[in-house]
Amino acid sequence: MYTISRYLKTSPLTKQHLLIASITMLFTFFGNTQSQKITLTQAIKIAQQKSPDYKINLNRNQRNYWRYKNYKASFLPELRLNASLPDYSNAVRRITNDAGQDIFVNQNQLRVEGGLSLAQSVPYTGGTISVNTNLERVELFGLDDNVGFSVIPFTIRYTQSSLLFNPFKWDKKIEPLVYEESKREFVETMEQISVTTSRLYFELLQAQKRLDIAETNLSNQDTLFQIAKGRYKVGRIAENEVLQIELTLLNSRNAVTTQKIELKRTSQNLARYLELDDTALELDVPEALPLFDVDITTALQEARENRRAVIEFRRRRLEAERDVAEQRGNNRLNIGIEANFGISNNGDDFNNLFNNFNQQENVSVRIGVPIFDWGVSRSRRKMAEANLDLTTNNIHQDEQEFEQEIYLHVLNWSSQREFLQTAEKAKIVAQKRYDISQKRYVLGKITITDLNIALQEKDSAILQYLNSLQNFWEDYHTLRQLTLYDFINDKKIEVEALLYE
């Protein structure tokens, strides 16, 4: 007969003991770092100042800020210095003389030129007006060395590429929306960082709790195994029950090892996201937030006023309308204008350059009319119009999804506190049932199967509570992200408060 004493001698427990002890020593050696206590609120604050997502978000916001500054500066005057210092040439060139003949001459000269220009965009017309001045000195080398000068004290120039399409008018509508959209995107991303931090925080918290459960279960199973061996010796239980308890003990040891590895992984994930050097983190179980109700009408109203998507809808529609206006303005008739008015003079004596100026004027109007282009102009215009219709339909669908997402999330948030309260009560009940079952098993009133069922329900209830708590906090930050509104403090979430807090 296969006795329990013979089973214990041939059991693989010795090897298991050595393996578990070795792994435990390794974890103990590498885990003896100084632990750091941290709460969920502290973790979120650190993530919103140091995480990789925050740095990317900040860089994106700065890029959009300087884009907007560049747009604003494009409507301000621009003063430029243009110079050629020097321009030397020694070559044979072909020129046309006064008789209309082409002759070849040796040209050996040094030219120095410089000037200032002050340019200003004209938003109302779409053109550019500029005031220019220029001074030029040319020195000829050879048999008849001489020096010549040319001066343009001032000239006023106006240019416009198209009279039927004004890009500045559309930029004044679109660029402010792009900048406002970027600021709201910054706030939404900060709230998304809170959601990500909550997920990583609770992953580590659940790993810590699973390890605590596994170690507690291992201690309890070892005690039960010793009790079972004593009962078997006096013939109170069968060998099958002893084997079942030993199998549970082995599984508990494996569970401890597995949970230690999982604890290390989740701890590194959170520490890396928060950019903390120490991965030995001790987490507190966060409490539920103060009770507050969210009205669907209020949530939708705040979302329409605060969300980036609302600005994005307007910007996408304006961009599509701009493309249509551009094709309609340029495809059928292309008109451009350039006008110049100023004075100039030239001569060999620099002192006489500023007397008896010559007047220079020129006006040119360019017209391009497609007579026959195989339908290219018409097809471009039709494509722009079709894109406008497609954009309008897509925006309408996105607006419906936008409102539906907020509506469903508010309904889900209304149920989260009830789910959390139920899970917390279930945890207390399951723990009490297990304590009673454990005492009854010691007294021999229930089987090991009943005890294991109570153990599994107790562990499941504890983890289910943590899972409900995680959903509660993630849904809270998601609600803030969807509305950009702080319902606890009853105020909007402003980008300035996040940037300079």
# chains A, B, ... in the order shown; residues from 1 in each chain; ligands from 1
call {"tool": "select_by_dssp", "arguments": {"residues": "region 221-280 of chain A", "states": "helix (DSSP H, G or I)", "output": "PyMOL selection string"}}
result
chain A and resi 221-233+239-274
call {"tool": "closest_atom_pairs", "arguments": {"of": "region 122-157 of chain A", "to": "region 101-115 of chain A", "cutoff": "7 Å", "atoms": "only C-alpha atoms", "output": "JSON lines"}}
result
{"residue": "A:Thr133", "atom": "CA", "partner": "A:Gly115", "partner_atom": "CA", "distance": 5.3}
{"residue": "A:Asn134", "atom": "CA", "partner": "A:Gly115", "partner_atom": "CA", "distance": 4.1}
{"residue": "A:Leu135", "atom": "CA", "partner": "A:Gly114", "partner_atom": "CA", "distance": 5.6}
{"residue": "A:Glu136", "atom": "CA", "partner": "A:Glu113", "partner_atom": "CA", "distance": 4.3}
{"residue": "A:Arg137", "atom": "CA", "partner": "A:Val112", "partner_atom": "CA", "distance": 5.2}
{"residue": "A:Val138", "atom": "CA", "partner": "A:Arg111", "partner_atom": "CA", "distance": 4.5}
{"residue": "A:Glu139", "atom": "CA", "partner": "A:Leu110", "partner_atom": "CA", "distance": 5.2}
{"residue": "A:Leu140", "atom": "CA", "partner": "A:Gln109", "partner_atom": "CA", "distance": 4.4}
{"residue": "A:Phe141", "atom": "CA", "partner": "A:Asn108", "partner_atom": "CA", "distance": 5.5}
call {"tool": "write_last_selection", "arguments": {"atoms": "all heavy atoms", "output": "PDB file, in the first residue's frame"}}
result
ATOM      1  N   THR A 133      14.612 101.017 -51.082  1.00  0.00           N
ATOM      2  CA  THR A 133      15.677 101.952 -51.430  1.00  0.00           C
ATOM      3  C   THR A 133      16.914 101.157 -51.793  1.00  0.00           C
ATOM      4  O   THR A 133      17.138 100.057 -51.247  1.00  0.00           O
ATOM      5  CB  THR A 133      15.972 102.910 -50.271  1.00  0.00           C
ATOM      6  OG1 THR A 133      16.993 103.818 -50.679  1.00  0.00           O
ATOM      7  CG2 THR A 133      16.434 102.158 -49.030  1.00  0.00           C
ATOM      8  N   ASN A 134      17.726 101.705 -52.745  1.00  0.00           N
ATOM      9  CA  ASN A 134      18.850 100.931 -53.232  1.00  0.00           C
ATOM     10  C   ASN A 134      19.970 101.866 -53.686  1.00  0.00           C
ATOM     11  O   ASN A 134      19.717 102.949 -54.245  1.00  0.00           O
ATOM     12  CB  ASN A 134      18.424 100.051 -54.402  1.00  0.00           C
ATOM     13  CG  ASN A 134      19.504  99.054 -54.794  1.00  0.00           C
ATOM     14  OD1 ASN A 134      19.731  98.096 -54.082  1.00  0.00           O
ATOM     15  ND2 ASN A 134      20.166  99.292 -55.929  1.00  0.00           N
ATOM     16  N   LEU A 135      21.221 101.465 -53.443  1.00  0.00           N
ATOM     17  CA  LEU A 135      22.406 102.186 -53.881  1.00  0.00           C
ATOM     18  C   LEU A 135      23.372 101.183 -54.488  1.00  0.00           C
ATOM     19  O   LEU A 135      23.671 100.146 -53.888  1.00  0.00           O
ATOM     20  CB  LEU A 135      23.057 102.919 -52.696  1.00  0.00           C
ATOM     21  CG  LEU A 135      24.368 103.654 -53.000  1.00  0.00           C
ATOM     22  CD1 LEU A 135      24.119 104.782 -54.013  1.00  0.00           C
ATOM     23  CD2 LEU A 135      24.984 104.211 -51.714  1.00  0.00           C
ATOM     24  N   GLU A 136      23.916 101.555 -55.696  1.00  0.00           N
ATOM     25  CA  GLU A 136      24.782 100.636 -56.426  1.00  0.00           C
ATOM     26  C   GLU A 136      26.044 101.385 -56.881  1.00  0.00           C
ATOM     27  O   GLU A 136      25.974 102.531 -57.347  1.00  0.00           O
ATOM     28  CB  GLU A 136      24.050 100.051 -57.627  1.00  0.00           C
ATOM     29  CG  GLU A 136      24.865  99.039 -58.418  1.00  0.00           C
ATOM     30  CD  GLU A 136      24.096  98.472 -59.600  1.00  0.00           C
ATOM     31  OE1 GLU A 136      22.980  98.987 -59.866  1.00  0.00           O
ATOM     32  OE2 GLU A 136      24.596  97.532 -60.241  1.00  0.00           O
ATOM     33  N   ARG A 137      27.184 100.736 -56.777  1.00  0.00           N
ATOM     34  CA  ARG A 137      28.476 101.274 -57.247  1.00  0.00           C
ATOM     35  C   ARG A 137      29.120 100.242 -58.164  1.00  0.00           C
ATOM     36  O   ARG A 137      29.285  99.089 -57.795  1.00  0.00           O
ATOM     37  CB  ARG A 137      29.391 101.584 -56.062  1.00  0.00           C
ATOM     38  CG  ARG A 137      30.768 102.125 -56.468  1.00  0.00           C
ATOM     39  CD  ARG A 137      31.648 102.278 -55.228  1.00  0.00           C
ATOM     40  NE  ARG A 137      32.935 102.874 -55.533  1.00  0.00           N
ATOM     41  CZ  ARG A 137      34.013 102.205 -55.991  1.00  0.00           C
ATOM     42  NH1 ARG A 137      33.916 100.878 -56.195  1.00  0.00           N
ATOM     43  NH2 ARG A 137      35.145 102.841 -56.234  1.00  0.00           N
ATOM     44  N   VAL A 138      29.492 100.708 -59.382  1.00  0.00           N
ATOM     45  CA  VAL A 138      30.114  99.829 -60.367  1.00  0.00           C
ATOM     46  C   VAL A 138      31.457 100.436 -60.764  1.00  0.00           C
ATOM     47  O   VAL A 138      31.528 101.611 -61.184  1.00  0.00           O
ATOM     48  CB  VAL A 138      29.221  99.648 -61.614  1.00  0.00           C
ATOM     49  CG1 VAL A 138      29.916  98.753 -62.632  1.00  0.00           C
ATOM     50  CG2 VAL A 138      27.871  99.073 -61.213  1.00  0.00           C
ATOM     51  N   GLU A 139      32.529  99.658 -60.640  1.00  0.00           N
ATOM     52  CA  GLU A 139      33.877 100.099 -61.014  1.00  0.00           C
ATOM     53  C   GLU A 139      34.373  99.221 -62.157  1.00  0.00           C
ATOM     54  O   GLU A 139      34.413  97.975 -62.036  1.00  0.00           O
ATOM     55  CB  GLU A 139      34.826 100.015 -59.820  1.00  0.00           C
ATOM     56  CG  GLU A 139      36.234 100.519 -60.148  1.00  0.00           C
ATOM     57  CD  GLU A 139      37.146 100.510 -58.926  1.00  0.00           C
ATOM     58  OE1 GLU A 139      36.639 100.147 -57.826  1.00  0.00           O
ATOM     59  OE2 GLU A 139      38.326 100.852 -59.048  1.00  0.00           O
ATOM     60  N   LEU A 140      34.754  99.879 -63.290  1.00  0.00           N
ATOM     61  CA  LEU A 140      35.250  99.180 -64.468  1.00  0.00           C
ATOM     62  C   LEU A 140      36.771  99.212 -64.471  1.00  0.00           C
ATOM     63  O   LEU A 140      37.393 100.270 -64.236  1.00  0.00           O
ATOM     64  CB  LEU A 140      34.714  99.833 -65.742  1.00  0.00           C
ATOM     65  CG  LEU A 140      33.189  99.855 -65.890  1.00  0.00           C
ATOM     66  CD1 LEU A 140      32.793 100.574 -67.175  1.00  0.00           C
ATOM     67  CD2 LEU A 140      32.629  98.445 -65.894  1.00  0.00           C
ATOM     68  N   PHE A 141      37.395  98.083 -64.788  1.00  0.00           N
ATOM     69  CA  PHE A 141      38.848  97.993 -64.842  1.00  0.00           C
ATOM     70  C   PHE A 141      39.281  97.846 -66.299  1.00  0.00           C
ATOM     71  O   PHE A 141      38.600  97.213 -67.108  1.00  0.00           O
ATOM     72  CB  PHE A 141      39.356  96.784 -64.040  1.00  0.00           C
ATOM     73  CG  PHE A 141      38.943  96.816 -62.589  1.00  0.00           C
ATOM     74  CD1 PHE A 141      37.886  96.031 -62.140  1.00  0.00           C
ATOM     75  CD2 PHE A 141      39.600  97.638 -61.698  1.00  0.00           C
ATOM     76  CE1 PHE A 141      37.513  96.057 -60.814  1.00  0.00           C
ATOM     77  CE2 PHE A 141      39.223  97.664 -60.371  1.00  0.00           C
ATOM     78  CZ  PHE A 141      38.181  96.879 -59.921  1.00  0.00           C
TER      79      PHE A 141
END
call {"tool": "residues_around", "arguments": {"residues": "Arg80 (chain A)", "least_positions_apart": "6", "cutoff": "7 Å", "atoms": "only C-alpha atoms", "output": "ChimeraX atom specification"}}
result
/A:116-118
call {"tool": "atom_distance", "arguments": {"atom1": "CA of Leu420 (chain A)", "atom2": "CA of Arg433 (chain A)"}}
result
19.9 Å
call {"tool": "select_by_dssp", "arguments": {"residues": "region 112-357 of chain A", "states": "strand (DSSP E)", "output": "PyMOL selection string"}}
result
chain A and resi 112-122+127-140+146-160+281-283+334-347
call {"tool": "residues_around", "arguments": {"residues": "Ala430 (chain A)", "least_positions_apart": "4", "cutoff": "8 Å", "atoms": "only C-alpha atoms", "output": "number ranges by chain"}}
result
A: 426, 434, 454, 457-458, 461
call {"tool": "write_last_selection", "arguments": {"atoms": "N, CA, C and O atoms", "output": "compact mmCIF listing (two decimals), in the first residue's frame"}}
result
# COMPACT_ATOMS: atom_id res chain seq x y z
N ALA A 426 -19.18 43.02 -1.08
CA ALA A 426 -18.91 41.63 -1.43
C ALA A 426 -17.55 41.19 -0.89
O ALA A 426 -17.39 40.03 -0.45
N TYR A 434 -14.88 33.20 4.39
CA TYR A 434 -13.67 32.39 4.38
C TYR A 434 -13.16 32.15 5.80
O TYR A 434 -12.74 31.04 6.15
N ALA A 454 -14.35 28.68 -0.80
CA ALA A 454 -14.44 29.93 -0.03
C ALA A 454 -13.19 30.78 -0.22
O ALA A 454 -13.26 32.01 -0.30
N GLU A 457 -13.36 32.45 -3.72
CA GLU A 457 -14.34 33.54 -3.72
C GLU A 457 -13.83 34.75 -2.95
O GLU A 457 -14.08 35.90 -3.35
N LYS A 458 -13.09 34.49 -1.87
CA LYS A 458 -12.51 35.59 -1.10
C LYS A 458 -11.47 36.35 -1.92
O LYS A 458 -11.49 37.59 -2.00
N ALA A 461 -13.16 38.31 -4.73
CA ALA A 461 -13.88 39.49 -4.25
C ALA A 461 -12.92 40.64 -3.97
O ALA A 461 -13.22 41.81 -4.25
call {"tool": "closest_residue", "arguments": {"among": "A:Arg328, A:Lys173, A:Arg63, A:Lys209", "to": "Glu262 (chain A)", "atoms": "only C-alpha atoms"}}
result
A:Lys209
call {"tool": "closest_atom_pairs", "arguments": {"of": "region 149-220 of chain A", "to": "region 224-239 of chain A", "cutoff": "12 Å", "atoms": "only C-alpha atoms", "output": "JSON lines"}}
result
{"residue": "A:Asn217", "atom": "CA", "partner": "A:Leu224", "partner_atom": "CA", "distance": 10.2}
{"residue": "A:Leu218", "atom": "CA", "partner": "A:Leu224", "partner_atom": "CA", "distance": 9.8}
{"residue": "A:Ser219", "atom": "CA", "partner": "A:Leu224", "partner_atom": "CA", "distance": 8.7}
{"residue": "A:Asn220", "atom": "CA", "partner": "A:Leu224", "partner_atom": "CA", "distance": 6.2}
call {"tool": "atom_distance", "arguments": {"atom1": "CA of Gln327 (chain A)", "atom2": "CA of Arg67 (chain A)"}}
result
25.6 Å
call {"tool": "residues_around", "arguments": {"residues": "region 44-51 of chain A", "least_positions_apart": "5", "cutoff": "7 Å", "atoms": "only C-alpha atoms", "output": "PyMOL selection string"}}
result
chain A and resi 190+193-194+197+273-275
call {"tool": "atom_distance", "arguments": {"atom1": "CA of Leu484 (chain A)", "atom2": "CA of Arg307 (chain A)"}}
result
6.5 Å
call {"tool": "closest_residue", "arguments": {"among": "A:Glu312, A:Asp295, A:Glu338, A:Glu185", "to": "Thr159 (chain A)", "atoms": "only C-alpha atoms"}}
result
A:Glu338
call {"tool": "residues_around", "arguments": {"residues": "Asp398 (chain A)", "least_positions_apart": "6", "cutoff": "10 Å", "atoms": "only C-alpha atoms", "output": "NGL selection string"}}
result
:A and (309-310 or 313 or 392 or 404)
call {"tool": "residues_around", "arguments": {"residues": "region 341-344 of chain A", "least_positions_apart": "6", "cutoff": "12 Å", "atoms": "only C-alpha atoms", "output": "PyMOL selection string"}}
result
chain A and resi 129-136+149-158+353-364
call {"tool": "write_last_selection", "arguments": {"atoms": "C-alpha atoms", "output": "short mmCIF file (atom, residue, chain, number, x, y, z; two decimals), in the first residue's frame"}}
result
data_model
loop_
_atom_site.label_atom_id
_atom_site.label_comp_id
_atom_site.auth_asym_id
_atom_site.auth_seq_id
_atom_site.Cartn_x
_atom_site.Cartn_y
_atom_site.Cartn_z
CA ILE A 129 2.98 96.65 -50.33
CA SER A 130 6.64 97.54 -49.86
CA VAL A 131 8.91 100.60 -49.78
CA ASN A 132 12.42 100.01 -51.13
CA THR A 133 15.68 101.95 -51.43
CA ASN A 134 18.85 100.93 -53.23
CA LEU A 135 22.41 102.19 -53.88
CA GLU A 136 24.78 100.64 -56.43
CA PHE A 149 26.81 105.08 -59.32
CA SER A 150 23.08 104.39 -59.30
CA VAL A 151 20.64 105.32 -56.58
CA ILE A 152 16.95 104.69 -55.97
CA PRO A 153 16.00 106.86 -52.97
CA PHE A 154 12.63 105.21 -52.71
CA THR A 155 10.19 103.15 -54.68
CA ILE A 156 6.74 101.95 -53.69
CA ARG A 157 5.71 98.53 -54.96
CA TYR A 158 2.42 96.64 -54.68
CA LEU A 353 23.27 111.63 -57.49
CA PHE A 354 20.62 113.26 -55.33
CA ASN A 355 19.78 116.07 -57.78
CA ASN A 356 17.35 115.99 -60.70
CA PHE A 357 15.86 112.55 -60.03
CA ASN A 358 14.29 110.54 -62.81
CA GLN A 359 10.75 109.34 -62.24
CA GLN A 360 10.00 105.63 -62.72
CA GLU A 361 6.52 104.17 -62.90
CA ASN A 362 5.16 100.87 -64.09
CA VAL A 363 1.87 99.01 -63.72
CA SER A 364 1.25 95.49 -65.01
#
call {"tool": "closest_residue", "arguments": {"among": "A:Ser252, A:Asn330, A:Gln397, A:Asn489", "to": "Pro370 (chain A)", "atoms": "only C-alpha atoms"}}
result
A:Asn330
call {"tool": "closest_residue", "arguments": {"among": "A:Glu321, A:Glu399, A:Glu287, A:Asp389", "to": "Ile174 (chain A)", "atoms": "only C-alpha atoms"}}
result
A:Glu321
call {"tool": "closest_residue", "arguments": {"among": "A:Thr125, A:Thr189, A:Asn467, A:Thr39", "to": "Asn57 (chain A)", "atoms": "only C-alpha atoms"}}
result
A:Thr189
call {"tool": "decode", "arguments": {"residues": "region 34-49 of chain A", "atoms": "N, CA, C and O atoms", "output": "compact mmCIF listing (two decimals), in the first residue's frame"}}
result
# COMPACT_ATOMS: atom_id res chain seq x y z
N GLN A 34 15.45 50.89 -1.07
CA GLN A 34 14.62 51.71 -0.21
C GLN A 34 13.27 51.97 -0.88
O GLN A 34 13.21 52.44 -2.00
N SER A 35 12.21 51.63 -0.21
CA SER A 35 10.88 51.79 -0.78
C SER A 35 10.43 53.24 -0.69
O SER A 35 10.91 54.01 0.15
N GLN A 36 9.52 53.60 -1.57
CA GLN A 36 8.98 54.96 -1.63
C GLN A 36 7.47 54.89 -1.63
O GLN A 36 6.87 54.24 -2.47
N LYS A 37 6.84 55.56 -0.67
CA LYS A 37 5.40 55.58 -0.58
C LYS A 37 4.84 56.65 -1.50
O LYS A 37 5.39 57.75 -1.58
N ILE A 38 3.76 56.34 -2.16
CA ILE A 38 3.18 57.27 -3.10
C ILE A 38 1.67 57.02 -3.18
O ILE A 38 1.22 55.87 -3.10
N THR A 39 0.91 58.10 -3.31
CA THR A 39 -0.54 57.99 -3.46
C THR A 39 -0.91 58.20 -4.93
O THR A 39 -0.08 58.63 -5.75
N LEU A 40 -2.16 57.92 -5.26
CA LEU A 40 -2.62 58.10 -6.64
C LEU A 40 -2.56 59.57 -7.04
O LEU A 40 -2.13 59.90 -8.16
N THR A 41 -2.95 60.46 -6.14
CA THR A 41 -2.91 61.89 -6.45
C THR A 41 -1.48 62.36 -6.70
O THR A 41 -1.22 63.13 -7.64
N GLN A 42 -0.54 61.89 -5.88
CA GLN A 42 0.86 62.25 -6.09
C GLN A 42 1.39 61.68 -7.40
O GLN A 42 2.14 62.36 -8.12
N ALA A 43 1.01 60.46 -7.72
CA ALA A 43 1.47 59.84 -8.97
C ALA A 43 0.97 60.62 -10.18
O ALA A 43 1.72 60.85 -11.14
N ILE A 44 -0.28 61.05 -10.14
CA ILE A 44 -0.83 61.82 -11.27
C ILE A 44 -0.12 63.16 -11.40
O ILE A 44 0.21 63.60 -12.51
N LYS A 45 0.15 63.80 -10.29
CA LYS A 45 0.84 65.10 -10.35
C LYS A 45 2.25 64.95 -10.91
O LYS A 45 2.71 65.79 -11.71
N ILE A 46 2.95 63.88 -10.50
CA ILE A 46 4.30 63.64 -11.03
C ILE A 46 4.23 63.36 -12.52
O ILE A 46 5.04 63.88 -13.31
N ALA A 47 3.26 62.55 -12.94
CA ALA A 47 3.13 62.19 -14.36
C ALA A 47 2.83 63.41 -15.21
O ALA A 47 3.29 63.52 -16.36
N GLN A 48 2.07 64.36 -14.68
CA GLN A 48 1.73 65.57 -15.42
C GLN A 48 2.86 66.58 -15.44
O GLN A 48 2.71 67.67 -16.00
N GLN A 49 4.00 66.22 -14.87
CA GLN A 49 5.16 67.10 -14.88
C GLN A 49 6.42 66.44 -15.43
O GLN A 49 7.34 67.13 -15.88
